[in-house]
Amino acid sequence: MIPKTLRNFNAYVDGVGYIGIVQEGTPPALALQTEEFQGGGMVAPVDISMASVEKMNFELTFKEFNTAILGLFGHPDVPLSLRGAIGPDNDAVIIETRGLIRTTNQDGWKAGNDSAVLKIEATPTYYKQTIAGEEVIEIDAINMIFRSGGVDHLAGMKAALGA
């Protein structure tokens, strides 16, 4: 069996595609917030889910100093997404986020070198990943949404809070 490798991708910032200009995208690593618990009689501690995730970080690298992207620095709810094709059937992998662009880095400049590289980092408040049209994960920090694999991890909590 051949793995479904990423064949190609594009990045979108504020709805604008950057095909041919984007060099690299690092989607947020998702980490569940947990508390360690070891009660009487237990021989080892276990992690208990707190039904939330740690702060997310999204990085994109572009092959130019783009004024439209630089102009979004400090804006709190910028749409950032990655769209990729995984083979051999070119299934769509889409990661959609919204968040604060909090860092821009223009790397070192060197004359006669292709050094015009712009890196941005954003901290998303919203994250959604779909693969071949199927929603896999959706996290909306502000609107109390946390779903993965079709399971609403906050359904019981929202009911208890009357939300």
# chains A, B, ... in the order shown; residues from 1 in each chain; ligands from 1
>>> closest_atom_pairs(of="region 26-66 of chain A", to="region 94-111 of chain A", cutoff="9 Å", atoms="only C-alpha atoms", output="Markdown table")
| residue | atom | partner | partner_atom | distance |
| --- | --- | --- | --- | --- |
| A:Pro27 | CA | A:Ile95 | CA | 7.5 |
| A:Phe58 | CA | A:Thr97 | CA | 8.6 |
| A:Glu64 | CA | A:Gln106 | CA | 9.0 |
| A:Phe65 | CA | A:Gln106 | CA | 7.3 |
>>> select_by_dssp(residues="chain A", states="helix (DSSP H, G or I)", output="ChimeraX atom specification")
/A:67-70,155-161
>>> closest_residue(among="A:Ala141, A:Val136, A:Ile120, A:Met50", to="Leu70 (chain A)", atoms="only C-alpha atoms")
A:Ile120
>>> closest_residue(among="A:Gly149, A:Pro79, A:Gly156, A:Gly74", to="Ala11 (chain A)", atoms="only C-alpha atoms")
A:Pro79
>>> select_by_dssp(residues="region 12-89 of chain A", states="strand (DSSP E)", output="mmCIF file with all heavy atoms, in the first residue's frame")
data_model
loop_
_atom_site.group_PDB
_atom_site.id
_atom_site.type_symbol
_atom_site.label_atom_id
_atom_site.label_comp_id
_atom_site.auth_asym_id
_atom_site.auth_seq_id
_atom_site.Cartn_x
_atom_site.Cartn_y
_atom_site.Cartn_z
ATOM 1 N N TYR A 12 -3.424 30.495 1.661
ATOM 2 C CA TYR A 12 -4.314 31.630 1.473
ATOM 3 C C TYR A 12 -4.236 32.512 2.705
ATOM 4 O O TYR A 12 -4.285 32.015 3.832
ATOM 5 C CB TYR A 12 -5.761 31.167 1.271
ATOM 6 C CG TYR A 12 -5.961 30.425 -0.035
ATOM 7 C CD1 TYR A 12 -5.598 29.091 -0.161
ATOM 8 C CD2 TYR A 12 -6.483 31.075 -1.142
ATOM 9 C CE1 TYR A 12 -5.758 28.420 -1.356
ATOM 10 C CE2 TYR A 12 -6.647 30.414 -2.348
ATOM 11 C CZ TYR A 12 -6.282 29.075 -2.443
ATOM 12 O OH TYR A 12 -6.432 28.413 -3.639
ATOM 13 N N VAL A 13 -4.082 33.808 2.484
ATOM 14 C CA VAL A 13 -4.058 34.787 3.569
ATOM 15 C C VAL A 13 -5.134 35.818 3.252
ATOM 16 O O VAL A 13 -5.093 36.447 2.196
ATOM 17 C CB VAL A 13 -2.677 35.465 3.699
ATOM 18 C CG1 VAL A 13 -2.704 36.522 4.799
ATOM 19 C CG2 VAL A 13 -1.588 34.429 3.958
ATOM 20 N N VAL A 16 -6.714 35.506 -0.203
ATOM 21 C CA VAL A 16 -5.865 35.609 -1.396
ATOM 22 C C VAL A 16 -4.913 34.417 -1.449
ATOM 23 O O VAL A 16 -4.227 34.115 -0.472
ATOM 24 C CB VAL A 16 -5.053 36.929 -1.394
ATOM 25 C CG1 VAL A 16 -4.130 37.004 -2.594
ATOM 26 C CG2 VAL A 16 -5.991 38.120 -1.348
ATOM 27 N N GLY A 17 -4.857 33.741 -2.601
ATOM 28 C CA GLY A 17 -3.967 32.597 -2.779
ATOM 29 C C GLY A 17 -2.567 33.025 -3.150
ATOM 30 O O GLY A 17 -2.381 34.004 -3.879
ATOM 31 N N VAL A 22 4.260 31.008 -1.855
ATOM 32 C CA VAL A 22 4.405 30.355 -0.558
ATOM 33 C C VAL A 22 5.469 29.260 -0.676
ATOM 34 O O VAL A 22 5.519 28.522 -1.660
ATOM 35 C CB VAL A 22 3.062 29.780 -0.048
ATOM 36 C CG1 VAL A 22 2.537 28.667 -0.944
ATOM 37 C CG2 VAL A 22 3.186 29.308 1.396
ATOM 38 N N GLN A 23 6.357 29.223 0.302
ATOM 39 C CA GLN A 23 7.408 28.201 0.319
ATOM 40 C C GLN A 23 7.075 27.059 1.266
ATOM 41 O O GLN A 23 7.360 25.907 0.975
ATOM 42 C CB GLN A 23 8.734 28.802 0.793
ATOM 43 C CG GLN A 23 9.507 29.522 -0.251
ATOM 44 C CD GLN A 23 10.880 29.875 0.277
ATOM 45 O OE1 GLN A 23 11.015 30.550 1.283
ATOM 46 N NE2 GLN A 23 11.900 29.424 -0.413
ATOM 47 N N GLU A 24 6.518 27.423 2.408
ATOM 48 C CA GLU A 24 6.314 26.425 3.445
ATOM 49 C C GLU A 24 5.158 26.842 4.334
ATOM 50 O O GLU A 24 4.944 28.030 4.577
ATOM 51 C CB GLU A 24 7.590 26.310 4.289
ATOM 52 C CG GLU A 24 7.584 25.222 5.306
ATOM 53 C CD GLU A 24 8.921 25.086 6.025
ATOM 54 O OE1 GLU A 24 9.930 25.670 5.565
ATOM 55 O OE2 GLU A 24 8.945 24.406 7.058
ATOM 56 N N GLY A 25 4.427 25.866 4.811
ATOM 57 C CA GLY A 25 3.370 26.112 5.777
ATOM 58 C C GLY A 25 3.470 25.096 6.896
ATOM 59 O O GLY A 25 3.648 23.912 6.641
ATOM 60 N N THR A 26 3.385 25.561 8.113
ATOM 61 C CA THR A 26 3.392 24.666 9.271
ATOM 62 C C THR A 26 2.085 24.877 10.019
ATOM 63 O O THR A 26 1.916 25.876 10.719
ATOM 64 C CB THR A 26 4.588 24.952 10.205
ATOM 65 O OG1 THR A 26 5.793 24.864 9.439
ATOM 66 C CG2 THR A 26 4.633 23.959 11.351
ATOM 67 N N LEU A 32 -3.775 18.500 23.468
ATOM 68 C CA LEU A 32 -4.869 18.498 24.424
ATOM 69 C C LEU A 32 -4.366 18.947 25.792
ATOM 70 O O LEU A 32 -3.293 18.529 26.233
ATOM 71 C CB LEU A 32 -5.422 17.076 24.520
ATOM 72 C CG LEU A 32 -6.736 16.847 25.229
ATOM 73 C CD1 LEU A 32 -7.864 17.568 24.520
ATOM 74 C CD2 LEU A 32 -7.026 15.358 25.289
ATOM 75 N N GLN A 33 -5.127 19.813 26.456
ATOM 76 C CA GLN A 33 -4.772 20.182 27.829
ATOM 77 C C GLN A 33 -5.242 19.066 28.751
ATOM 78 O O GLN A 33 -6.394 18.637 28.675
ATOM 79 C CB GLN A 33 -5.415 21.506 28.232
ATOM 80 C CG GLN A 33 -4.749 22.688 27.586
ATOM 81 C CD GLN A 33 -5.244 24.010 28.141
ATOM 82 O OE1 GLN A 33 -6.332 24.111 28.680
ATOM 83 N NE2 GLN A 33 -4.427 25.033 27.992
ATOM 84 N N THR A 34 -4.332 18.615 29.590
ATOM 85 C CA THR A 34 -4.637 17.514 30.495
ATOM 86 C C THR A 34 -4.159 17.842 31.903
ATOM 87 O O THR A 34 -3.315 18.724 32.100
ATOM 88 C CB THR A 34 -3.963 16.205 30.036
ATOM 89 O OG1 THR A 34 -2.546 16.394 30.018
ATOM 90 C CG2 THR A 34 -4.437 15.779 28.659
ATOM 91 N N GLU A 35 -4.706 17.131 32.853
ATOM 92 C CA GLU A 35 -4.242 17.175 34.242
ATOM 93 C C GLU A 35 -3.842 15.758 34.619
ATOM 94 O O GLU A 35 -4.538 14.805 34.288
ATOM 95 C CB GLU A 35 -5.354 17.655 35.186
ATOM 96 C CG GLU A 35 -5.726 19.105 35.024
ATOM 97 C CD GLU A 35 -4.680 20.061 35.565
ATOM 98 O OE1 GLU A 35 -3.967 19.707 36.523
ATOM 99 O OE2 GLU A 35 -4.578 21.171 35.017
ATOM 100 N N GLU A 36 -2.744 15.650 35.299
ATOM 101 C CA GLU A 36 -2.297 14.338 35.766
ATOM 102 C C GLU A 36 -3.031 13.988 37.060
ATOM 103 O O GLU A 36 -3.171 14.818 37.945
ATOM 104 C CB GLU A 36 -0.786 14.367 36.001
ATOM 105 C CG GLU A 36 -0.199 13.001 36.267
ATOM 106 C CD GLU A 36 1.311 13.050 36.364
ATOM 107 O OE1 GLU A 36 1.962 13.164 35.300
ATOM 108 O OE2 GLU A 36 1.819 12.983 37.503
ATOM 109 N N PHE A 37 -3.503 12.757 37.133
ATOM 110 C CA PHE A 37 -4.235 12.304 38.315
ATOM 111 C C PHE A 37 -3.766 10.915 38.734
ATOM 112 O O PHE A 37 -3.578 10.048 37.885
ATOM 113 C CB PHE A 37 -5.743 12.263 38.036
ATOM 114 C CG PHE A 37 -6.535 11.669 39.165
ATOM 115 C CD1 PHE A 37 -6.792 12.406 40.310
ATOM 116 C CD2 PHE A 37 -6.991 10.365 39.095
ATOM 117 C CE1 PHE A 37 -7.507 11.856 41.366
ATOM 118 C CE2 PHE A 37 -7.710 9.811 40.141
ATOM 119 C CZ PHE A 37 -7.977 10.559 41.273
ATOM 120 N N VAL A 46 -2.527 8.939 35.521
ATOM 121 C CA VAL A 46 -3.151 8.974 34.205
ATOM 122 C C VAL A 46 -3.460 10.423 33.855
ATOM 123 O O VAL A 46 -3.586 11.268 34.734
ATOM 124 C CB VAL A 46 -4.450 8.132 34.165
ATOM 125 C CG1 VAL A 46 -4.151 6.656 34.393
ATOM 126 C CG2 VAL A 46 -5.467 8.629 35.180
ATOM 127 N N ASP A 47 -3.556 10.693 32.580
ATOM 128 C CA ASP A 47 -3.935 12.029 32.128
ATOM 129 C C ASP A 47 -5.450 12.107 32.008
ATOM 130 O O ASP A 47 -6.092 11.204 31.463
ATOM 131 C CB ASP A 47 -3.309 12.350 30.769
ATOM 132 C CG ASP A 47 -1.829 12.692 30.871
ATOM 133 O OD1 ASP A 47 -1.396 13.126 31.956
ATOM 134 O OD2 ASP A 47 -1.128 12.536 29.860
ATOM 135 N N ILE A 48 -6.012 13.194 32.499
ATOM 136 C CA ILE A 48 -7.439 13.461 32.387
ATOM 137 C C ILE A 48 -7.597 14.664 31.463
ATOM 138 O O ILE A 48 -6.990 15.714 31.687
ATOM 139 C CB ILE A 48 -8.063 13.762 33.763
ATOM 140 C CG1 ILE A 48 -7.923 12.551 34.677
ATOM 141 C CG2 ILE A 48 -9.526 14.167 33.611
ATOM 142 C CD1 ILE A 48 -8.343 12.830 36.104
ATOM 143 N N SER A 49 -8.417 14.497 30.424
ATOM 144 C CA SER A 49 -8.659 15.586 29.479
ATOM 145 C C SER A 49 -9.410 16.713 30.159
ATOM 146 O O SER A 49 -10.383 16.491 30.877
ATOM 147 C CB SER A 49 -9.475 15.078 28.288
ATOM 148 O OG SER A 49 -9.893 16.170 27.492
ATOM 149 N N MET A 50 -8.972 17.944 29.911
ATOM 150 C CA MET A 50 -9.677 19.121 30.405
ATOM 151 C C MET A 50 -10.626 19.664 29.328
ATOM 152 O O MET A 50 -11.189 20.743 29.472
ATOM 153 C CB MET A 50 -8.670 20.200 30.838
ATOM 154 C CG MET A 50 -7.726 19.744 31.944
ATOM 155 S SD MET A 50 -8.563 19.000 33.357
ATOM 156 C CE MET A 50 -9.431 20.395 34.017
ATOM 157 N N ALA A 51 -10.806 18.894 28.255
ATOM 158 C CA ALA A 51 -11.704 19.236 27.144
ATOM 159 C C ALA A 51 -11.355 20.595 26.529
ATOM 160 O O ALA A 51 -12.224 21.380 26.164
ATOM 161 C CB ALA A 51 -13.160 19.191 27.576
ATOM 162 N N SER A 52 -10.062 20.870 26.429
ATOM 163 C CA SER A 52 -9.593 22.079 25.759
ATOM 164 C C SER A 52 -8.218 21.788 25.166
ATOM 165 O O SER A 52 -7.588 20.786 25.492
ATOM 166 C CB SER A 52 -9.540 23.263 26.729
ATOM 167 O OG SER A 52 -8.664 23.002 27.787
ATOM 168 N N VAL A 53 -7.773 22.675 24.297
ATOM 169 C CA VAL A 53 -6.475 22.493 23.663
ATOM 170 C C VAL A 53 -5.557 23.649 24.037
ATOM 171 O O VAL A 53 -6.004 24.723 24.422
ATOM 172 C CB VAL A 53 -6.581 22.378 22.122
ATOM 173 C CG1 VAL A 53 -7.345 21.147 21.722
ATOM 174 C CG2 VAL A 53 -7.180 23.612 21.508
ATOM 175 N N PHE A 58 0.519 28.975 14.031
ATOM 176 C CA PHE A 58 0.506 28.683 12.606
ATOM 177 C C PHE A 58 1.622 29.492 11.957
ATOM 178 O O PHE A 58 1.742 30.693 12.211
ATOM 179 C CB PHE A 58 -0.853 29.100 12.051
ATOM 180 C CG PHE A 58 -1.170 28.660 10.635
ATOM 181 C CD1 PHE A 58 -0.395 27.757 9.950
ATOM 182 C CD2 PHE A 58 -2.296 29.160 10.004
ATOM 183 C CE1 PHE A 58 -0.716 27.352 8.661
ATOM 184 C CE2 PHE A 58 -2.632 28.770 8.712
ATOM 185 C CZ PHE A 58 -1.845 27.865 8.044
ATOM 186 N N GLU A 59 2.448 28.852 11.128
ATOM 187 C CA GLU A 59 3.568 29.539 10.479
ATOM 188 C C GLU A 59 3.481 29.387 8.969
ATOM 189 O O GLU A 59 3.187 28.309 8.469
ATOM 190 C CB GLU A 59 4.899 28.968 10.973
ATOM 191 C CG GLU A 59 5.137 29.140 12.448
ATOM 192 C CD GLU A 59 6.443 28.512 12.923
ATOM 193 O OE1 GLU A 59 7.245 28.067 12.073
ATOM 194 O OE2 GLU A 59 6.648 28.463 14.130
ATOM 195 N N LEU A 60 3.758 30.471 8.269
ATOM 196 C CA LEU A 60 3.823 30.460 6.811
ATOM 197 C C LEU A 60 5.084 31.186 6.372
ATOM 198 O O LEU A 60 5.468 32.189 6.974
ATOM 199 C CB LEU A 60 2.605 31.151 6.198
ATOM 200 C CG LEU A 60 1.255 30.455 6.355
ATOM 201 C CD1 LEU A 60 0.125 31.372 5.902
ATOM 202 C CD2 LEU A 60 1.237 29.153 5.577
ATOM 203 N N THR A 61 5.709 30.689 5.303
ATOM 204 C CA THR A 61 6.909 31.306 4.743
ATOM 205 C C THR A 61 6.657 31.612 3.274
ATOM 206 O O THR A 61 6.218 30.746 2.517
ATOM 207 C CB THR A 61 8.128 30.363 4.878
ATOM 208 O OG1 THR A 61 8.295 30.010 6.242
ATOM 209 C CG2 THR A 61 9.391 31.023 4.361
ATOM 210 N N PHE A 62 6.946 32.857 2.890
ATOM 211 C CA PHE A 62 6.716 33.321 1.526
ATOM 212 C C PHE A 62 8.034 33.769 0.908
ATOM 213 O O PHE A 62 8.932 34.221 1.598
ATOM 214 C CB PHE A 62 5.725 34.497 1.519
ATOM 215 C CG PHE A 62 4.398 34.138 2.121
ATOM 216 C CD1 PHE A 62 4.163 34.354 3.471
ATOM 217 C CD2 PHE A 62 3.407 33.571 1.350
ATOM 218 C CE1 PHE A 62 2.944 34.016 4.035
ATOM 219 C CE2 PHE A 62 2.186 33.226 1.909
ATOM 220 C CZ PHE A 62 1.957 33.449 3.253
ATOM 221 N N VAL A 78 -7.545 37.248 11.197
ATOM 222 C CA VAL A 78 -7.177 37.082 9.789
ATOM 223 C C VAL A 78 -7.384 35.630 9.356
ATOM 224 O O VAL A 78 -6.884 34.711 10.013
ATOM 225 C CB VAL A 78 -5.702 37.486 9.563
ATOM 226 C CG1 VAL A 78 -5.297 37.268 8.115
ATOM 227 C CG2 VAL A 78 -5.464 38.927 9.982
ATOM 228 N N PRO A 79 -8.112 35.392 8.263
ATOM 229 C CA PRO A 79 -8.248 34.033 7.742
ATOM 230 C C PRO A 79 -6.928 33.569 7.113
ATOM 231 O O PRO A 79 -6.375 34.242 6.244
ATOM 232 C CB PRO A 79 -9.335 34.145 6.672
ATOM 233 C CG PRO A 79 -9.980 35.467 6.864
ATOM 234 C CD PRO A 79 -8.961 36.340 7.540
ATOM 235 N N LEU A 80 -6.439 32.441 7.577
ATOM 236 C CA LEU A 80 -5.233 31.811 7.034
ATOM 237 C C LEU A 80 -5.569 30.348 6.759
ATOM 238 O O LEU A 80 -6.145 29.679 7.625
ATOM 239 C CB LEU A 80 -4.082 31.851 8.043
ATOM 240 C CG LEU A 80 -3.631 33.216 8.548
ATOM 241 C CD1 LEU A 80 -2.793 33.061 9.804
ATOM 242 C CD2 LEU A 80 -2.848 33.929 7.469
ATOM 243 N N SER A 81 -5.212 29.858 5.591
ATOM 244 C CA SER A 81 -5.508 28.454 5.318
ATOM 245 C C SER A 81 -4.450 27.831 4.431
ATOM 246 O O SER A 81 -3.723 28.513 3.708
ATOM 247 C CB SER A 81 -6.895 28.297 4.692
ATOM 248 O OG SER A 81 -6.974 28.964 3.458
ATOM 249 N N LEU A 82 -4.401 26.522 4.517
ATOM 250 C CA LEU A 82 -3.567 25.700 3.643
ATOM 251 C C LEU A 82 -4.490 24.732 2.915
ATOM 252 O O LEU A 82 -5.406 24.175 3.526
ATOM 253 C CB LEU A 82 -2.545 24.893 4.443
ATOM 254 C CG LEU A 82 -1.385 25.641 5.076
ATOM 255 C CD1 LEU A 82 -0.581 24.709 5.980
ATOM 256 C CD2 LEU A 82 -0.491 26.235 3.996
ATOM 257 N N ARG A 83 -4.255 24.561 1.640
ATOM 258 C CA ARG A 83 -4.979 23.572 0.849
ATOM 259 C C ARG A 83 -3.944 22.700 0.173
ATOM 260 O O ARG A 83 -3.031 23.215 -0.484
ATOM 261 C CB ARG A 83 -5.861 24.231 -0.199
ATOM 262 C CG ARG A 83 -7.007 25.056 0.388
ATOM 263 C CD ARG A 83 -7.876 25.630 -0.707
ATOM 264 N NE ARG A 83 -8.501 24.587 -1.500
ATOM 265 C CZ ARG A 83 -9.773 24.184 -1.348
ATOM 266 N NH1 ARG A 83 -10.529 24.742 -0.434
ATOM 267 N NH2 ARG A 83 -10.268 23.229 -2.114
ATOM 268 N N GLY A 84 -4.097 21.403 0.331
ATOM 269 C CA GLY A 84 -3.153 20.482 -0.269
ATOM 270 C C GLY A 84 -3.856 19.365 -1.006
ATOM 271 O O GLY A 84 -5.051 19.133 -0.824
ATOM 272 N N ALA A 85 -3.087 18.672 -1.832
ATOM 273 C CA ALA A 85 -3.584 17.497 -2.537
ATOM 274 C C ALA A 85 -2.737 16.311 -2.111
ATOM 275 O O ALA A 85 -1.511 16.360 -2.196
ATOM 276 C CB ALA A 85 -3.483 17.700 -4.049
ATOM 277 N N ILE A 86 -3.422 15.274 -1.595
ATOM 278 C CA ILE A 86 -2.699 14.064 -1.230
ATOM 279 C C ILE A 86 -3.044 12.987 -2.249
ATOM 280 O O ILE A 86 -4.180 12.857 -2.689
ATOM 281 C CB ILE A 86 -2.979 13.606 0.219
ATOM 282 C CG1 ILE A 86 -4.463 13.422 0.488
ATOM 283 C CG2 ILE A 86 -2.368 14.574 1.210
ATOM 284 C CD1 ILE A 86 -4.774 12.804 1.844
#
>>> closest_residue(among="A:Leu118, A:Ala159, A:Ala29, A:Met56", to="Asp140 (chain A)", atoms="only C-alpha atoms")
A:Met56
>>> decode(residues="region 6-17 of chain A", atoms="all heavy atoms", output="PDB file, in the first residue's frame")
ATOM      1  N   LEU A   6       1.642  14.216   0.599  1.00  0.00           N
ATOM      2  CA  LEU A   6       1.277  15.544   0.129  1.00  0.00           C
ATOM      3  C   LEU A   6       1.966  15.778  -1.212  1.00  0.00           C
ATOM      4  O   LEU A   6       3.187  15.769  -1.303  1.00  0.00           O
ATOM      5  CB  LEU A   6       1.707  16.610   1.148  1.00  0.00           C
ATOM      6  CG  LEU A   6       1.378  18.060   0.806  1.00  0.00           C
ATOM      7  CD1 LEU A   6      -0.139  18.274   0.787  1.00  0.00           C
ATOM      8  CD2 LEU A   6       2.030  18.995   1.802  1.00  0.00           C
ATOM      9  N   ARG A   7       1.173  15.999  -2.257  1.00  0.00           N
ATOM     10  CA  ARG A   7       1.726  16.170  -3.597  1.00  0.00           C
ATOM     11  C   ARG A   7       2.004  17.629  -3.914  1.00  0.00           C
ATOM     12  O   ARG A   7       2.955  17.948  -4.626  1.00  0.00           O
ATOM     13  CB  ARG A   7       0.774  15.577  -4.617  1.00  0.00           C
ATOM     14  CG  ARG A   7       0.557  14.085  -4.324  1.00  0.00           C
ATOM     15  CD  ARG A   7      -0.370  13.462  -5.285  1.00  0.00           C
ATOM     16  NE  ARG A   7       0.463  12.887  -6.351  1.00  0.00           N
ATOM     17  CZ  ARG A   7      -0.018  12.413  -7.467  1.00  0.00           C
ATOM     18  NH1 ARG A   7      -1.299  12.462  -7.701  1.00  0.00           N
ATOM     19  NH2 ARG A   7       0.776  11.902  -8.361  1.00  0.00           N
ATOM     20  N   ASN A   8       1.163  18.527  -3.385  1.00  0.00           N
ATOM     21  CA  ASN A   8       1.368  19.954  -3.601  1.00  0.00           C
ATOM     22  C   ASN A   8       0.447  20.708  -2.650  1.00  0.00           C
ATOM     23  O   ASN A   8      -0.453  20.112  -2.049  1.00  0.00           O
ATOM     24  CB  ASN A   8       1.092  20.355  -5.047  1.00  0.00           C
ATOM     25  CG  ASN A   8       1.972  21.508  -5.509  1.00  0.00           C
ATOM     26  OD1 ASN A   8       2.409  22.328  -4.689  1.00  0.00           O
ATOM     27  ND2 ASN A   8       2.233  21.579  -6.804  1.00  0.00           N
ATOM     28  N   PHE A   9       0.668  22.007  -2.500  1.00  0.00           N
ATOM     29  CA  PHE A   9      -0.160  22.790  -1.593  1.00  0.00           C
ATOM     30  C   PHE A   9      -0.149  24.255  -2.005  1.00  0.00           C
ATOM     31  O   PHE A   9       0.676  24.688  -2.804  1.00  0.00           O
ATOM     32  CB  PHE A   9       0.314  22.637  -0.138  1.00  0.00           C
ATOM     33  CG  PHE A   9       1.507  23.487   0.210  1.00  0.00           C
ATOM     34  CD1 PHE A   9       1.340  24.677   0.906  1.00  0.00           C
ATOM     35  CD2 PHE A   9       2.783  23.105  -0.156  1.00  0.00           C
ATOM     36  CE1 PHE A   9       2.434  25.463   1.227  1.00  0.00           C
ATOM     37  CE2 PHE A   9       3.880  23.886   0.151  1.00  0.00           C
ATOM     38  CZ  PHE A   9       3.711  25.069   0.853  1.00  0.00           C
ATOM     39  N   ASN A  10      -1.071  24.997  -1.415  1.00  0.00           N
ATOM     40  CA  ASN A  10      -1.138  26.445  -1.585  1.00  0.00           C
ATOM     41  C   ASN A  10      -1.575  27.042  -0.259  1.00  0.00           C
ATOM     42  O   ASN A  10      -2.252  26.380   0.534  1.00  0.00           O
ATOM     43  CB  ASN A  10      -2.118  26.828  -2.694  1.00  0.00           C
ATOM     44  CG  ASN A  10      -2.027  28.285  -3.105  1.00  0.00           C
ATOM     45  OD1 ASN A  10      -1.077  28.985  -2.751  1.00  0.00           O
ATOM     46  ND2 ASN A  10      -3.012  28.753  -3.843  1.00  0.00           N
ATOM     47  N   ALA A  11      -1.195  28.280  -0.036  1.00  0.00           N
ATOM     48  CA  ALA A  11      -1.601  28.999   1.171  1.00  0.00           C
ATOM     49  C   ALA A  11      -2.488  30.172   0.778  1.00  0.00           C
ATOM     50  O   ALA A  11      -2.299  30.773  -0.290  1.00  0.00           O
ATOM     51  CB  ALA A  11      -0.383  29.503   1.937  1.00  0.00           C
ATOM     52  N   TYR A  12      -3.424  30.495   1.661  1.00  0.00           N
ATOM     53  CA  TYR A  12      -4.314  31.630   1.473  1.00  0.00           C
ATOM     54  C   TYR A  12      -4.236  32.512   2.705  1.00  0.00           C
ATOM     55  O   TYR A  12      -4.285  32.015   3.832  1.00  0.00           O
ATOM     56  CB  TYR A  12      -5.761  31.167   1.271  1.00  0.00           C
ATOM     57  CG  TYR A  12      -5.961  30.425  -0.035  1.00  0.00           C
ATOM     58  CD1 TYR A  12      -5.598  29.091  -0.161  1.00  0.00           C
ATOM     59  CD2 TYR A  12      -6.483  31.075  -1.142  1.00  0.00           C
ATOM     60  CE1 TYR A  12      -5.758  28.420  -1.356  1.00  0.00           C
ATOM     61  CE2 TYR A  12      -6.647  30.414  -2.348  1.00  0.00           C
ATOM     62  CZ  TYR A  12      -6.282  29.075  -2.443  1.00  0.00           C
ATOM     63  OH  TYR A  12      -6.432  28.413  -3.639  1.00  0.00           O
ATOM     64  N   VAL A  13      -4.082  33.808   2.484  1.00  0.00           N
ATOM     65  CA  VAL A  13      -4.058  34.787   3.569  1.00  0.00           C
ATOM     66  C   VAL A  13      -5.134  35.818   3.252  1.00  0.00           C
ATOM     67  O   VAL A  13      -5.093  36.447   2.196  1.00  0.00           O
ATOM     68  CB  VAL A  13      -2.677  35.465   3.699  1.00  0.00           C
ATOM     69  CG1 VAL A  13      -2.704  36.522   4.799  1.00  0.00           C
ATOM     70  CG2 VAL A  13      -1.588  34.429   3.958  1.00  0.00           C
ATOM     71  N   ASP A  14      -6.088  35.932   4.138  1.00  0.00           N
ATOM     72  CA  ASP A  14      -7.195  36.884   3.970  1.00  0.00           C
ATOM     73  C   ASP A  14      -7.904  36.666   2.630  1.00  0.00           C
ATOM     74  O   ASP A  14      -8.269  37.618   1.944  1.00  0.00           O
ATOM     75  CB  ASP A  14      -6.685  38.323   4.104  1.00  0.00           C
ATOM     76  CG  ASP A  14      -7.789  39.302   4.473  1.00  0.00           C
ATOM     77  OD1 ASP A  14      -8.822  38.874   5.025  1.00  0.00           O
ATOM     78  OD2 ASP A  14      -7.613  40.506   4.213  1.00  0.00           O
ATOM     79  N   GLY A  15      -8.043  35.398   2.240  1.00  0.00           N
ATOM     80  CA  GLY A  15      -8.767  35.044   1.021  1.00  0.00           C
ATOM     81  C   GLY A  15      -7.971  35.093  -0.261  1.00  0.00           C
ATOM     82  O   GLY A  15      -8.483  34.742  -1.318  1.00  0.00           O
ATOM     83  N   VAL A  16      -6.714  35.506  -0.203  1.00  0.00           N
ATOM     84  CA  VAL A  16      -5.865  35.609  -1.396  1.00  0.00           C
ATOM     85  C   VAL A  16      -4.913  34.417  -1.449  1.00  0.00           C
ATOM     86  O   VAL A  16      -4.227  34.115  -0.472  1.00  0.00           O
ATOM     87  CB  VAL A  16      -5.053  36.929  -1.394  1.00  0.00           C
ATOM     88  CG1 VAL A  16      -4.130  37.004  -2.594  1.00  0.00           C
ATOM     89  CG2 VAL A  16      -5.991  38.120  -1.348  1.00  0.00           C
ATOM     90  N   GLY A  17      -4.857  33.741  -2.601  1.00  0.00           N
ATOM     91  CA  GLY A  17      -3.967  32.597  -2.779  1.00  0.00           C
ATOM     92  C   GLY A  17      -2.567  33.025  -3.150  1.00  0.00           C
ATOM     93  O   GLY A  17      -2.381  34.004  -3.879  1.00  0.00           O
TER      94      GLY A  17
END
